[in-house]
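Engineer: Pasting in a structure now, in structure tokens, and then I'll have a few things to ask.
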Amino acid sequence: MEDKIKRLLQEADQKAGLPAPLSSNLSSVVRHRAHQRRFIRLAAPLAAAAVVLIAAGIWNHNTTKTKEEQRKIALLETQLNQLQAKTDAALDLIRAVLDEEQKQNKFDELDRLEAQLASIPDPLKEIEEQVDLTAFYLLGQADRLYRELNRTESAVETYNRLIELFPKNRWAKEARQRLSEIESKKFNKMYQKESINEIHKTLRHLADFAAVKHRAGTIS
Amino acid sequence: MVVMAKTIDDERLVEQFKRGDESAFDRIVEQYSSDIAALSNRLLGWSGEVDDVVQDILFAAFLGLKKFRCESSLKTWLFTITVNKCRSYRYKRMLRLRRIYQVSRQAPLSSSPTADKTPMDSETFERVRAAIASLPSKYREPVVLRYLQELSTEEISGVLGISKNALQVRLNRARAHLREALAEELKGKL
């Protein structure tokens, strides 16, 4: 059976025939491929190394540049800080001077105001004077009513009004004295009147008694 | 005696190549390319066009020749590369064909054989080819190497990297498979 299989397979192989002829330059093609591959294998790391070197160079250059720039920036920052400090100091000085000037101006202003105030009469004093004058005028008016015109009721009313309006004024004190005077005068007058009336009454009683006595004597 | 002389000649070529003489490789190609092409053709199911795969095989040989320590014959070593390359080539082709599965099913694997040198009719040939193609690689390779390349058991086990017993087992199983697949054709041979 093995032989039959072998024969059958060999017949089929013969029927299939040989493969298509290989290219004549097969070995050179293969060698070329191998060389290409070797070149690529050699070139690729070299190219990679070159790229790395270039990148490193660029990076180094950038780093150097960056360092230099950083140094410049640091220097500029220092200068800027110094300028800032100077400016701040100058500003502080200006501010102090301005403050001082403002203070001086304020003092001057205060002095001026004080002078103005000094030139202006004291309103309270003025008012007091006015009040005093008014009270004096009222007292004068009341005195005139009382003494010259003999209008005691109106005078009392005016004195009371003066006391009511300006109770602490010196003329109110005077008004109070006047009122007490008037009161005492009124009392005296009333007392005198009552005494006279009493006398008249007594006299009338006496007269009545005498008349009664006379009449009784007469009768007797 | 002839084999011994050939082996010595191969070793000399390899040594020359290792020393940097690339012309030695030209002679190796000259000597073995047709064998490599025939084996590739058979392993790939008589596809006819083996130029690319042979180029790949020789390229791999060129790259690996400096490491070749002459522990086996140069032919065995080259055939090992051939078998391995054909496996991967078949695998790649299978992946390619899977994409156009329907088309490949309708059409035969390749065009008609290059020549009609024997009375075997095309129908029988196609059946034999189909039977061989249907064999798994581990059975097809021993069959091809034994019956078509007519290598010895030692050479085949060397090429495939398996023991003689394993080779016998594989050959038996391959034969059983072929007996079943080609029953009619084999009956006609009786």
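Identifiers in this document derive from the order of the structure tokens: chains are assigned A, B, ..., residues are numbered from 1 separately in each chain, and ligands are numbered from 1 in order of occurrence.
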Determine, for each residue of chain A having at least one atom at most 6 Å from an atom of chain B, the closest pair of atoms and their separation in Å to one decimal, counting only C-alpha atoms; order by chain and ascending number, as JSON lines.
Structural biologist:
```
{"residue": "A:Lys6", "atom": "CA", "partner": "B:Tyr147", "partner_atom": "CA", "distance": 5.4}
{"residue": "A:Ala12", "atom": "CA", "partner": "B:Phe125", "partner_atom": "CA", "distance": 5.5}
{"residue": "A:Lys15", "atom": "CA", "partner": "B:Asp116", "partner_atom": "CA", "distance": 5.3}
{"residue": "A:Ala16", "atom": "CA", "partner": "B:Pro113", "partner_atom": "CA", "distance": 4.6}
{"residue": "A:Gly17", "atom": "CA", "partner": "B:Ala115", "partner_atom": "CA", "distance": 5.7}
{"residue": "A:Pro19", "atom": "CA", "partner": "B:Gly48", "partner_atom": "CA", "distance": 4.4}
{"residue": "A:Ala20", "atom": "CA", "partner": "B:Gly48", "partner_atom": "CA", "distance": 5.7}
{"residue": "A:Leu22", "atom": "CA", "partner": "B:Asp51", "partner_atom": "CA", "distance": 5.6}
{"residue": "A:Ser27", "atom": "CA", "partner": "B:Asp26", "partner_atom": "CA", "distance": 5.6}
{"residue": "A:Val30", "atom": "CA", "partner": "B:Phe59", "partner_atom": "CA", "distance": 5.3}
```
Engineer: Just the residues within 10 Å of region 139-143 of chain A, please, counting only C-alpha atoms, with nothing from its chain fewer than 3 positions along; format it as a list in words.
Structural biologist: Leu133, Thr134, Ala135, Phe136, Tyr146, Arg147, Glu148, Leu149, Asn150, Arg151, Thr152, Glu153, Ser154, Ala155, Val156, Glu157, Thr158, Tyr159, Asn160, Arg161, Leu162, Ile163, Trp171, Ala172, Glu174, Ala175 and Arg178 of chain A
Engineer: Got time to write the residues from that selection, C-alpha atoms, as a short mmCIF file (atom, residue, chain, number, x, y, z; two decimals), in the first residue's frame?
Structural biologist:
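To be explicit, this is the file written out as part-v6.cif:
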```
data_model
loop_
_atom_site.label_atom_id
_atom_site.label_comp_id
_atom_site.auth_asym_id
_atom_site.auth_seq_id
_atom_site.Cartn_x
_atom_site.Cartn_y
_atom_site.Cartn_z
CA LEU A 133 -32.43 143.99 76.60
CA THR A 134 -35.87 142.50 75.98
CA ALA A 135 -36.29 141.70 79.67
CA PHE A 136 -35.13 145.19 80.59
CA TYR A 146 -47.40 150.57 87.30
CA ARG A 147 -45.90 153.92 88.31
CA GLU A 148 -46.83 156.42 85.65
CA LEU A 149 -50.05 155.09 84.27
CA ASN A 150 -51.15 153.40 87.51
CA ARG A 151 -52.34 150.36 85.66
CA THR A 152 -51.37 147.83 88.25
CA GLU A 153 -53.15 144.87 86.69
CA SER A 154 -51.39 145.29 83.33
CA ALA A 155 -48.12 145.90 85.11
CA VAL A 156 -48.53 142.66 87.13
CA GLU A 157 -49.34 140.82 83.94
CA THR A 158 -46.19 142.20 82.23
CA TYR A 159 -44.04 141.37 85.29
CA ASN A 160 -45.38 137.80 85.27
CA ARG A 161 -44.75 137.52 81.54
CA LEU A 162 -41.15 138.72 82.06
CA ILE A 163 -40.62 136.11 84.81
CA TRP A 171 -34.54 141.73 85.39
CA ALA A 172 -36.84 138.84 86.28
CA GLU A 174 -36.40 142.88 89.72
CA ALA A 175 -39.85 141.95 88.37
CA ARG A 178 -41.89 144.66 92.03
#
```
Engineer: How many Å lie between CA of Arg144 (chain A) and CA of Ser184 (chain A), rounded to one decimal?
Structural biologist: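 Computing it gives 18.9 Å between the two atoms.
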Engineer: What are the DSSP alpha helix (DSSP H) residues of chain B, as number ranges by chain?
Structural biologist: B: 2-18, 23-43, 51-64, 74-99, 101-106, 122-134, 137-143, 153-160, 164-181, 183-189
Engineer: Record the distance separating CA of Ser73 (chain B) and CA of Asp9 (chain B), expressed in Å with one decimal.
Structural biologist: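 CA of Ser73 (chain B) sits 10.6 Å away from CA of Asp9 (chain B).
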Engineer: One number please: CA of Cys70 (chain B) to CA of Lys18 (chain B), in Å, one decimal.
Structural biologist: 12.0 Å
